[in-house]
file model.txt (compact mmCIF, C-alpha atoms)
# COMPACT_ATOMS: atom_id res chain seq x y z
CA MET A 139 73.80 -246.26 152.96
CA PHE A 140 77.44 -245.17 152.37
CA SER A 141 76.94 -245.58 148.61
CA SER A 142 79.01 -242.52 147.71
CA LEU A 143 81.83 -243.41 150.11
CA SER A 144 81.75 -247.03 148.95
CA ASP A 145 82.02 -246.01 145.29
CA LYS A 146 84.92 -243.64 145.90
CA LEU A 147 86.86 -246.13 148.04
CA SER A 148 86.26 -248.86 145.46
CA ASN A 149 87.63 -246.59 142.73
CA ALA A 150 90.68 -245.72 144.82
CA LEU A 151 91.41 -249.34 145.68
CA GLY A 152 90.69 -250.43 142.11
CA LYS A 153 93.75 -248.55 140.88
CA PHE A 154 95.98 -250.81 142.97
CA ARG A 155 94.57 -253.90 141.21
CA ASN A 156 96.06 -252.93 137.85
CA LYS A 157 99.60 -253.10 139.18
CA GLY A 158 101.62 -256.26 139.76
CA LYS A 159 104.00 -254.54 142.16
CA LEU A 160 103.40 -251.38 144.15
CA THR A 161 105.90 -248.60 144.73
CA GLU A 162 105.76 -246.05 147.53
CA ALA A 163 104.62 -243.50 144.93
CA ASP A 164 101.69 -245.77 143.95
CA ILE A 165 100.65 -246.12 147.58
CA LYS A 166 100.98 -242.39 148.23
CA ALA A 167 98.74 -241.58 145.24
CA GLY A 168 96.16 -244.18 146.34
CA MET A 169 96.14 -242.90 149.91
CA ARG A 170 95.45 -239.38 148.64
CA GLU A 171 92.29 -240.63 146.91
CA ILE A 172 91.20 -242.52 150.03
CA LYS A 173 91.75 -239.34 152.05
CA LEU A 174 89.58 -237.31 149.66
CA ALA A 175 86.86 -239.99 149.74
CA LEU A 176 86.70 -239.87 153.55
CA LEU A 177 86.67 -236.07 153.72
CA GLU A 178 83.87 -235.87 151.13
CA ALA A 179 81.92 -238.37 153.26
CA ASP A 180 82.04 -235.88 156.16
CA VAL A 181 84.60 -237.80 158.19
CA SER A 182 86.41 -235.32 160.43
CA PHE A 183 89.81 -234.13 159.25
CA LYS A 184 91.57 -235.40 162.37
CA VAL A 185 90.06 -238.88 162.04
CA THR A 186 90.84 -238.98 158.31
CA LYS A 187 94.43 -237.89 158.81
CA GLU A 188 95.13 -240.53 161.45
CA PHE A 189 93.32 -243.27 159.50
CA VAL A 190 95.30 -242.61 156.32
CA ALA A 191 98.55 -242.44 158.31
CA ARG A 192 97.90 -245.88 159.85
CA VAL A 193 96.98 -247.45 156.50
CA SER A 194 100.00 -245.87 154.80
CA GLN A 195 102.37 -247.10 157.50
CA ARG A 196 101.16 -250.68 157.09
CA ALA A 197 100.95 -250.45 153.29
CA VAL A 198 104.61 -249.55 152.76
CA GLY A 199 105.78 -252.45 154.90
CA ALA A 200 106.82 -255.91 153.79
CA GLU A 201 103.22 -257.10 154.26
CA VAL A 202 102.28 -255.33 151.00
CA MET A 203 105.46 -254.46 149.16
CA GLU A 204 106.63 -258.09 149.05
CA SER A 205 103.20 -259.61 148.55
CA LEU A 206 102.37 -261.56 145.39
CA VAL A 207 98.97 -259.84 145.25
CA PRO A 208 99.57 -256.42 146.85
CA SER A 209 96.14 -255.02 145.92
CA GLN A 210 94.41 -257.67 148.06
CA GLN A 211 96.68 -256.85 150.98
CA ILE A 212 95.78 -253.14 150.66
CA VAL A 213 92.05 -253.97 150.74
CA LYS A 214 92.64 -256.21 153.76
CA ILE A 215 94.46 -253.42 155.62
CA VAL A 216 91.79 -250.81 154.79
CA ASN A 217 89.08 -253.23 155.92
CA GLU A 218 90.85 -253.92 159.23
CA GLU A 219 91.49 -250.23 159.90
CA LEU A 220 87.88 -249.28 159.07
CA THR A 221 86.68 -251.95 161.48
CA SER A 222 89.06 -250.68 164.17
CA LEU A 223 87.91 -247.10 163.56
CA MET A 224 84.28 -248.06 164.21
CA GLY A 225 85.00 -250.12 167.32
CA SER A 226 86.38 -253.55 166.26
CA THR A 227 83.65 -255.64 167.90
CA ARG A 228 79.93 -255.34 168.54
CA ALA A 229 79.09 -253.50 171.78
CA LYS A 230 76.02 -255.11 173.34
CA LEU A 231 73.50 -253.33 175.53
CA GLU A 232 74.40 -253.99 179.16
CA ILE A 233 71.72 -255.88 181.04
CA SER A 234 71.47 -255.15 184.77
CA PRO A 235 71.82 -258.19 187.08
CA SER A 236 69.10 -256.60 189.23
CA PRO A 237 66.06 -255.79 187.04
CA PRO A 238 64.95 -253.52 185.66
CA THR A 239 67.64 -252.50 183.18
CA VAL A 240 67.16 -248.73 182.80
CA VAL A 241 68.04 -247.25 179.40
CA MET A 242 68.04 -243.47 179.21
CA MET A 243 67.54 -242.17 175.66
CA CYS A 244 68.69 -238.63 174.84
CA GLY A 245 69.48 -236.49 171.82
CA LEU A 246 68.53 -233.48 169.74
CA GLN A 247 64.94 -232.97 168.64
CA GLY A 248 64.19 -234.58 165.29
CA ALA A 249 66.86 -237.29 165.54
CA GLY A 250 64.23 -240.03 165.93
CA LYS A 251 64.64 -240.55 169.66
CA THR A 252 61.02 -241.47 170.49
CA THR A 253 60.73 -243.87 167.57
CA HIS A 254 64.07 -245.52 168.29
CA SER A 255 63.24 -245.91 171.98
CA ALA A 256 60.31 -248.02 170.80
CA LYS A 257 62.37 -249.80 168.12
CA ILE A 258 65.01 -250.97 170.60
CA ALA A 259 62.33 -251.93 173.13
CA GLY A 260 60.63 -253.96 170.39
CA LEU A 261 63.92 -255.64 169.51
CA TYR A 262 64.35 -256.84 173.09
CA LYS A 263 60.72 -257.86 173.40
CA LYS A 264 61.35 -260.32 170.56
CA GLN A 265 64.17 -261.74 172.70
CA GLY A 266 61.80 -262.46 175.59
CA LYS A 267 62.22 -259.26 177.59
CA ARG A 268 59.31 -257.28 179.07
CA PRO A 269 60.10 -253.61 178.26
CA LEU A 270 58.34 -250.50 179.51
CA LEU A 271 58.38 -247.19 177.60
CA VAL A 272 58.39 -244.05 179.71
CA ALA A 273 57.23 -240.63 178.49
CA CYS A 274 59.66 -238.13 180.05
CA ASP A 275 59.26 -235.58 177.26
CA ILE A 276 56.72 -233.11 178.67
CA TYR A 277 57.68 -230.21 176.37
CA ARG A 278 57.15 -231.27 172.77
CA PRO A 279 53.49 -231.22 171.72
CA ALA A 280 52.09 -234.73 171.17
CA ALA A 281 55.35 -236.40 172.32
CA ILE A 282 53.45 -238.51 174.86
CA LYS A 283 50.80 -239.42 172.29
CA GLN A 284 53.47 -240.43 169.78
CA LEU A 285 55.09 -242.77 172.32
CA GLN A 286 51.69 -244.27 173.14
CA ILE A 287 50.99 -244.92 169.46
CA VAL A 288 54.29 -246.70 168.78
CA GLY A 289 53.95 -248.58 172.07
CA GLN A 290 50.51 -249.78 171.03
CA GLN A 291 51.81 -250.88 167.63
CA LEU A 292 54.48 -253.00 169.32
CA ASP A 293 52.23 -254.10 172.21
CA ILE A 294 54.58 -252.49 174.76
CA PRO A 295 53.13 -250.65 177.80
CA VAL A 296 53.76 -246.90 178.11
CA PHE A 297 54.09 -245.14 181.48
CA GLU A 298 53.17 -241.44 181.59
CA MET A 299 52.22 -238.85 184.20
CA GLY A 300 51.34 -235.90 181.98
CA ASN A 301 53.26 -232.68 182.69
CA THR A 302 54.79 -233.82 185.97
CA SER A 303 58.51 -233.29 186.56
CA PRO A 304 60.52 -235.63 184.26
CA VAL A 305 62.69 -236.65 187.24
CA LYS A 306 59.60 -237.74 189.19
CA ILE A 307 58.20 -239.54 186.13
CA ALA A 308 61.44 -241.53 185.74
CA LYS A 309 61.52 -242.52 189.43
CA GLU A 310 57.86 -243.55 189.49
CA ALA A 311 58.25 -245.49 186.25
CA ILE A 312 60.96 -247.66 187.78
CA LYS A 313 58.73 -248.40 190.79
CA TYR A 314 55.93 -249.31 188.37
CA ALA A 315 58.26 -251.61 186.40
CA GLN A 316 59.35 -253.42 189.58
CA LYS A 317 55.75 -253.96 190.67
CA ASN A 318 54.56 -255.14 187.24
CA GLY A 319 57.43 -257.40 186.21
CA CYS A 320 58.94 -255.19 183.52
CA ASP A 321 62.64 -256.04 183.27
CA MET A 322 63.64 -253.17 180.94
CA VAL A 323 62.74 -249.47 181.18
CA PHE A 324 63.32 -247.04 178.31
CA LEU A 325 63.22 -243.37 179.31
CA ASP A 326 62.26 -241.20 176.35
CA THR A 327 63.63 -237.83 177.47
CA ALA A 328 62.89 -234.46 175.87
CA GLY A 329 64.77 -233.65 172.67
CA ARG A 330 66.81 -230.49 172.43
CA LEU A 331 66.72 -228.07 169.53
CA HIS A 332 70.36 -227.36 170.39
CA VAL A 333 72.62 -227.99 173.36
CA ASP A 334 70.53 -225.96 175.83
CA GLU A 335 72.04 -225.60 179.33
CA ALA A 336 68.76 -225.73 181.27
CA LEU A 337 67.48 -228.78 179.46
CA MET A 338 70.87 -230.47 179.62
CA ALA A 339 70.83 -229.94 183.40
CA GLU A 340 67.49 -231.76 183.49
CA LEU A 341 69.15 -234.77 181.86
CA SER A 342 71.82 -234.73 184.57
CA ASP A 343 69.10 -234.66 187.23
CA ILE A 344 67.35 -237.69 185.69
CA ARG A 345 70.64 -239.56 185.48
CA ASP A 346 71.51 -238.80 189.11
CA ALA A 347 68.01 -239.77 190.29
CA VAL A 348 67.67 -243.17 188.60
CA HIS A 349 71.28 -244.22 187.83
CA PRO A 350 70.54 -245.73 184.40
CA THR A 351 72.32 -248.87 183.25
CA GLU A 352 72.81 -247.33 179.82
CA ILE A 353 72.70 -243.75 178.49
CA LEU A 354 72.21 -243.91 174.74
CA LEU A 355 72.61 -240.85 172.55
CA VAL A 356 70.42 -240.85 169.44
CA VAL A 357 72.26 -239.13 166.59
CA ASP A 358 70.92 -238.28 163.14
CA ALA A 359 73.50 -239.54 160.63
CA MET A 360 72.29 -236.90 158.17
CA LEU A 361 73.97 -234.25 160.33
CA GLY A 362 77.37 -235.31 159.04
CA GLN A 363 80.21 -233.58 160.88
CA ASP A 364 77.75 -231.82 163.23
CA ALA A 365 76.78 -235.25 164.56
CA VAL A 366 80.26 -235.54 166.05
CA ASN A 367 79.96 -232.14 167.76
CA VAL A 368 76.59 -233.12 169.24
CA ALA A 369 78.00 -236.43 170.47
CA GLU A 370 80.94 -234.69 172.12
CA SER A 371 78.67 -232.20 173.94
CA PHE A 372 76.35 -234.89 175.34
CA ASN A 373 79.25 -237.14 176.25
CA ASN A 374 81.04 -234.39 178.16
CA LEU A 375 77.92 -233.74 180.23
CA LEU A 376 76.42 -237.20 180.71
CA ASP A 377 79.25 -239.65 180.02
CA ILE A 378 77.08 -241.59 177.58
CA THR A 379 77.54 -245.34 177.25
CA GLY A 380 76.69 -245.68 173.57
CA VAL A 381 75.28 -244.16 170.39
CA VAL A 382 72.27 -244.96 168.22
CA LEU A 383 72.74 -243.75 164.64
CA THR A 384 69.47 -243.05 162.80
CA LYS A 385 68.51 -242.42 159.16
CA LEU A 386 71.28 -244.53 157.70
CA ASP A 387 68.86 -245.36 154.90
CA GLY A 388 68.79 -241.71 153.83
CA ASP A 389 71.09 -239.65 151.67
CA THR A 390 73.86 -239.73 154.24
CA ARG A 391 77.53 -239.66 153.39
CA GLY A 392 78.46 -241.94 156.28
CA GLY A 393 81.01 -239.74 158.01
CA ALA A 394 79.18 -239.77 161.34
CA ALA A 395 79.49 -243.55 161.69
CA LEU A 396 83.22 -243.35 161.06
CA SER A 397 83.85 -240.36 163.34
CA VAL A 398 81.54 -240.67 166.37
CA ARG A 399 83.16 -243.77 167.83
CA TYR A 400 86.68 -242.42 167.40
CA THR A 401 85.88 -238.93 168.72
CA THR A 402 83.86 -239.89 171.81
CA GLY A 403 85.44 -243.24 172.59
CA LYS A 404 81.88 -244.59 172.99
CA PRO A 405 80.57 -247.40 170.80
CA ILE A 406 77.76 -247.29 168.28
CA LYS A 407 75.31 -249.88 169.62
CA PHE A 408 72.40 -249.67 167.16
CA VAL A 409 71.64 -248.25 163.72
CA GLY A 410 68.23 -247.28 162.36
CA THR A 411 67.83 -248.23 158.70
CA GLY A 412 64.26 -247.21 157.85
CA GLU A 413 60.98 -245.75 159.04
CA LYS A 414 59.25 -248.98 160.07
CA LEU A 415 59.41 -250.07 163.71
CA ASP A 416 61.41 -253.20 162.89
CA THR A 417 64.15 -251.37 160.96
CA ILE A 418 66.73 -251.39 163.74
CA GLU A 419 69.96 -253.40 163.77
CA PRO A 420 72.75 -254.03 166.26
CA PHE A 421 75.90 -252.33 164.98
CA TYR A 422 78.71 -254.66 163.88
CA PRO A 423 81.85 -252.68 162.93
CA ASP A 424 83.32 -255.54 160.89
CA ARG A 425 80.13 -256.05 158.90
CA MET A 426 79.75 -252.32 158.26
CA ALA A 427 83.34 -252.12 157.02
CA SER A 428 82.63 -254.97 154.62
CA ARG A 429 79.54 -253.18 153.29
CA ILE A 430 81.46 -249.93 152.81
CA LEU A 431 84.15 -251.76 150.81
CA GLY A 432 81.54 -253.55 148.67
CA MET A 433 82.36 -256.94 150.17
CA GLY A 434 78.77 -257.64 151.25
CA ASP A 435 77.40 -258.66 154.62
CA VAL A 436 76.35 -262.29 154.45
CA LEU A 437 75.92 -262.74 158.21
CA SER A 438 73.39 -259.90 158.48
CA LEU A 439 71.59 -261.24 155.40
CA ILE A 440 71.29 -264.68 157.04
CA GLU A 441 69.98 -263.12 160.26
CA LYS A 442 67.34 -261.15 158.34
CA ALA A 443 66.26 -264.31 156.53
CA GLU A 444 66.02 -266.26 159.80
CA GLN A 445 63.80 -263.56 161.30
CA ALA A 446 61.57 -263.39 158.23
CA ILE A 447 61.17 -267.09 157.52
CA ASP A 448 58.36 -268.95 159.26
CA GLU A 449 59.87 -272.36 160.01
CA LYS A 450 56.52 -274.19 159.84
CA LYS A 451 55.75 -272.62 156.48
CA ALA A 452 59.27 -273.45 155.28
CA ALA A 453 58.79 -277.13 156.21
CA GLU A 454 55.38 -277.17 154.53
CA LEU A 455 56.86 -275.52 151.43
CA GLU A 456 59.58 -278.15 151.26
CA ARG A 457 56.96 -280.91 151.38
CA LYS A 458 54.98 -279.26 148.59
CA LEU A 459 58.06 -278.85 146.43
CA ARG A 460 58.87 -282.54 146.82
CA GLU A 461 55.28 -283.43 145.88
CA ASN A 462 55.17 -280.91 143.00
CA SER A 463 52.14 -279.20 144.58
CA PHE A 464 53.46 -275.61 144.79
CA THR A 465 50.46 -273.25 144.38
CA LEU A 466 49.94 -269.54 143.89
CA SER A 467 49.00 -269.30 147.59
CA ASP A 468 52.51 -270.59 148.37
CA TYR A 469 53.92 -268.05 145.93
CA LEU A 470 52.11 -265.29 147.86
CA ASP A 471 53.48 -266.59 151.19
CA GLN A 472 57.00 -266.45 149.78
CA LEU A 473 56.40 -262.89 148.57
CA HIS A 474 55.28 -261.82 152.06
CA GLN A 475 58.35 -263.40 153.69
CA LEU A 476 60.64 -261.66 151.21
CA LYS A 477 58.99 -258.30 151.96
CA ASN A 478 59.45 -258.93 155.71
CA MET A 479 63.21 -258.87 155.19
CA GLY A 480 63.02 -255.13 154.50
CA ASN A 481 64.16 -252.91 151.65
CA LEU A 482 65.16 -255.19 148.77
CA GLU A 483 67.91 -252.93 147.43
CA SER A 484 69.60 -252.89 150.87
CA ILE A 485 69.34 -256.69 150.92
CA LEU A 486 71.07 -256.84 147.52
CA GLY A 487 73.83 -254.66 148.98
CA MET A 488 74.54 -257.39 151.55
CA ILE A 489 75.36 -259.90 148.80
CA PRO A 490 79.11 -259.84 147.98
CA GLY A 491 79.82 -258.34 144.56
CA MET A 492 76.30 -257.05 143.95
CA ASN A 493 77.45 -253.41 143.99
CA LYS A 494 79.99 -253.99 141.26
CA GLY A 495 79.84 -254.36 137.52
CA ALA A 496 76.50 -254.74 135.80
CA MET A 497 74.58 -255.08 139.09
CA LYS A 498 75.95 -251.86 140.59
CA ASP A 499 73.16 -249.62 139.31
CA ALA A 500 70.43 -252.29 139.30
CA LYS A 501 67.12 -251.07 140.68
CA ILE A 502 64.37 -253.25 142.06
CA ASP A 503 60.89 -252.23 141.02
CA GLU A 504 59.01 -252.80 144.29
CA ASN A 505 55.80 -251.77 142.50
CA ALA A 506 56.12 -254.95 140.42
CA LEU A 507 56.00 -256.97 143.63
CA LYS A 508 52.92 -255.04 144.75
CA HIS A 509 51.27 -255.77 141.40
CA THR A 510 52.05 -259.47 141.79
CA GLU A 511 50.52 -259.46 145.27
CA ALA A 512 47.40 -257.63 144.02
CA ILE A 513 46.94 -260.09 141.14
CA ILE A 514 47.09 -263.16 143.40
CA LEU A 515 44.79 -261.56 146.00
CA SER A 516 42.25 -260.91 143.22
CA MET A 517 42.01 -264.65 142.54
CA THR A 518 39.55 -266.97 144.25
CA THR A 519 40.86 -269.61 146.64
CA ALA A 520 40.15 -272.28 144.03
CA GLU A 521 42.13 -270.37 141.39
CA ARG A 522 45.14 -270.00 143.67
CA GLU A 523 45.13 -273.69 144.53
CA ARG A 524 44.37 -274.83 140.95
CA PRO A 525 45.90 -272.24 138.55
CA GLU A 526 44.89 -274.38 135.56
CA LEU A 527 41.33 -273.08 136.09
CA ILE A 528 42.39 -269.57 135.06
CA ASN A 529 41.16 -269.18 131.49
CA GLY A 530 40.86 -266.06 129.34
CA SER A 531 37.71 -264.64 130.94
CA ARG A 532 39.05 -265.23 134.44
CA ARG A 533 42.27 -263.44 133.55
CA LYS A 534 40.26 -260.38 132.46
CA ARG A 535 38.36 -260.43 135.77
CA ILE A 536 41.59 -260.81 137.80
CA ALA A 537 43.25 -257.95 135.88
CA ALA A 538 40.25 -255.67 136.50
CA GLY A 539 40.08 -256.61 140.18
CA SER A 540 43.79 -255.98 140.77
CA GLY A 541 44.01 -252.77 138.77
CA THR A 542 46.55 -254.34 136.41
CA SER A 543 46.49 -255.53 132.80
CA VAL A 544 45.83 -258.95 131.28
CA GLU A 545 49.46 -258.86 130.05
CA GLU A 546 50.69 -258.62 133.66
CA VAL A 547 48.45 -261.52 134.69
CA ASN A 548 49.79 -263.57 131.77
CA ARG A 549 53.36 -262.69 132.75
CA LEU A 550 52.77 -263.89 136.33
CA MET A 551 51.20 -267.15 135.13
CA LYS A 552 54.16 -267.75 132.80
CA GLN A 553 56.63 -267.17 135.67
CA TYR A 554 54.64 -269.55 137.84
CA ASP A 555 54.70 -272.26 135.13
CA GLN A 556 58.46 -271.82 134.66
CA MET A 557 59.05 -272.14 138.40
CA ASN A 558 56.96 -275.29 138.61
CA LYS A 559 59.01 -276.86 135.79
CA MET A 560 62.22 -275.96 137.59
CA PHE A 561 60.94 -277.41 140.88
CA LYS A 562 60.00 -280.66 139.17
CA GLN A 563 63.53 -280.96 137.80
CA ILE A 564 65.07 -280.24 141.22
CA GLY A 565 62.65 -282.64 142.88
CA GLY A 566 63.63 -285.34 140.40
CA MET A 567 67.30 -284.78 141.15
CA GLY A 568 66.57 -285.08 144.86
CA ARG A 569 64.79 -288.42 144.37
CA LYS A 570 67.67 -289.77 142.27
CA GLY A 571 69.96 -288.95 145.20
CA LYS A 572 67.88 -291.33 147.37
CA GLY A 573 66.81 -288.56 149.71
CA LYS A 574 70.32 -287.70 150.84
CA LYS A 575 70.01 -284.08 149.76
CA ARG A 576 67.68 -281.83 151.69
CA LEU A 577 65.65 -279.58 149.39
CA LYS A 578 65.33 -276.08 150.75
CA MET A 579 64.22 -273.29 148.46
CA PRO A 580 63.48 -270.05 150.34
CA PHE A 581 62.17 -267.10 148.31
CA GLN A 582 61.46 -268.84 145.05
CA PHE A 583 61.33 -265.92 142.59
call {"tool": "encode", "arguments": {"input": "model.txt", "output": "structure tokens"}}
result
Amino acid sequence: MFSSLSDKLSNALGKFRNKGKLTEADIKAGMREIKLALLEADVSFKVTKEFVARVSQRAVGAEVMESLVPSQQIVKIVNEELTSLMGSTRAKLEISPSPPTVVMMCGLQGAGKTTHSAKIAGLYKKQGKRPLLVACDIYRPAAIKQLQIVGQQLDIPVFEMGNTSPVKIAKEAIKYAQKNGCDMVFLDTAGRLHVDEALMAELSDIRDAVHPTEILLVVDAMLGQDAVNVAESFNNLLDITGVVLTKLDGDTRGGAALSVRYTTGKPIKFVGTGEKLDTIEPFYPDRMASRILGMGDVLSLIEKAEQAIDEKKAAELERKLRENSFTLSDYLDQLHQLKNMGNLESILGMIPGMNKGAMKDAKIDENALKHTEAIILSMTTAERERPELINGSRRKRIAAGSGTSVEEVNRLMKQYDQMNKMFKQIGGMGRKGKGKKRLKMPFQF
């Protein structure tokens, strides 16, 4: 996500770091590179021009020119202006004081509207809400079936009336929600291949019939500059309340995220970062700006860890570490919790400094993690709990059962032994401190 833009901005800002004092000529040259980086990322020319003008105006002031470390002040200004460009603060979904909260989802076909209707509904279900998904797309083949499938996967009810008028479906769905205690209703409307007048009029009819609390436009970030044109068209017709940007995990240059908010005046409320139904995040402009500038996103990383970690298992793990009884079953539990946090390379990108220097081009071999999981699953319960039982013949059997090699099994056992030695040392340090230090070791490998 934004890797190309991040690299180019880092290179542009890096040139300021080599200078003790900055002249107006230095700043002008640096701003030109920032401008080119934004334009290549598909940020609209108007947005780019105004952004660079604001940064330049602040950069030639006393704030930078008289600073002891002017390069840091430049980075600070760019960070603040990027955050402002994307909306300054997080825009939350408005919850109606009189349930149900009705969220109307709209957008072009192929943007991921049906999937993201379910993703957002699933996000709020985790927060204790009782969402209802509504199939208002009666035109696309299998659209209703697709919504039913994702609804079933998330254990969220789906309301459908076949090929009935979408306006009638929406009205009846709200009645159904009121009768059955559903406090949120997500209307999955028909996608458009382009901004079609007849179909756009249908969206207006649905809006006028049910008066939704929120009208969210689902925009494919891969569209680049076209995403801004789509957002403008829908906003002019429906007066949308927010945007959901999808496919930010793809080969996108990031311009849509930087342009949509500025162009429409409507906030980005959610971003889709993967294909799985839990890969949806609230949009935080300040955190996204930090990621773009390679400064990491520690808060989002902590939130992902909190969602992935099972507190009971964490407490049990802590007890086992103190008692030096960490087993391969515990190792497997830790592996599963790490995988629940999502794509590991995107997690690395949230750690400050990980996209610089030697770690910049580091790749995580997720197949290695799969091999580790397969090896442990090929062991008997006794072998996982008592790894010392695993002799040469057992290692051959485990390798054959997991589709790996004896060398890979040996490598895993060596890693496990090294971890156990480390835990014993840490545990000993904790005991010497008379129990004052709390030992907490999430994701031990």
call {"tool": "residues_around", "arguments": {"input": "model.txt", "residues": "stretch 243-250 of chain A", "least_positions_apart": "6", "cutoff": "8 Å", "atoms": "all atoms listed in the file", "output": "NGL selection string"}}
result
:A and (324-333 or 353-358 or 372 or 384)
call {"tool": "residues_around", "arguments": {"input": "model.txt", "residues": "A:Ile172", "least_positions_apart": "6", "cutoff": "10 Å", "atoms": "only C-alpha atoms", "output": "list in words"}}
result
Leu143, Lys146, Leu147, Ser148, Asn149, Ala150, Leu151, Lys166, Glu178, Thr186, Phe189, Val190, Val193 and Val216 of chain A
call {"tool": "residues_around", "arguments": {"input": "model.txt", "residues": "A:Ile307", "least_positions_apart": "3", "cutoff": "10 Å", "atoms": "only C-alpha atoms", "output": "JSON, numbers by chain"}}
result
{"A": [272, 273, 274, 275, 276, 297, 298, 299, 300, 301, 302, 303, 304, 310, 311, 312, 325, 344]}
call {"tool": "atom_distance", "arguments": {"input": "model.txt", "atom1": "atom CA of A:Thr351", "atom2": "atom CA of A:Val240"}}
result
5.2 Å
call {"tool": "closest_residue", "arguments": {"input": "model.txt", "among": "A:Glu523, A:Lys404, A:Ile258, A:Lys309", "to": "A:Arg345", "atoms": "all atoms listed in the file"}}
result
A:Lys309
call {"tool": "closest_residue", "arguments": {"input": "model.txt", "among": "A:Met551, A:Val305, A:Ile513, A:Ala359", "to": "A:Ser342", "atoms": "only C-alpha atoms"}}
result
A:Val305
call {"tool": "residues_around", "arguments": {"input": "model.txt", "residues": "A:Ser540", "least_positions_apart": "6", "cutoff": "8 Å", "atoms": "all atoms listed in the file", "output": "PyMOL selection string"}}
result
chain A and resi 509+512-513+515-516
call {"tool": "atom_distance", "arguments": {"input": "model.txt", "atom1": "atom CA of A:Leu383", "atom2": "atom CA of A:Arg399"}}
result
10.9 Å
call {"tool": "atom_distance", "arguments": {"input": "model.txt", "atom1": "atom CA of A:Leu386", "atom2": "atom CA of A:Gly412"}}
result
7.5 Å
call {"tool": "residues_around", "arguments": {"input": "model.txt", "residues": "stretch 421-424 of chain A", "least_positions_apart": "3", "cutoff": "12 Å", "atoms": "all atoms listed in the file", "output": "ChimeraX atom specification"}}
result
/A:214,216-231,380-384,386,395-396,399,405-411,418,427-431,433-438
call {"tool": "closest_residue", "arguments": {"input": "model.txt", "among": "A:Ile528, A:Met560, A:Gly393, A:His474", "to": "A:Phe183", "atoms": "all atoms listed in the file"}}
result
A:Gly393
call {"tool": "closest_residue", "arguments": {"input": "model.txt", "among": "A:Leu470, A:Val366, A:Ala538, A:Ala520", "to": "A:Ser182", "atoms": "all atoms listed in the file"}}
result
A:Val366
call {"tool": "closest_residue", "arguments": {"input": "model.txt", "among": "A:Asp471, A:Asp377, A:Asp164, A:Glu546", "to": "A:Lys534", "atoms": "only C-alpha atoms"}}
result
A:Glu546
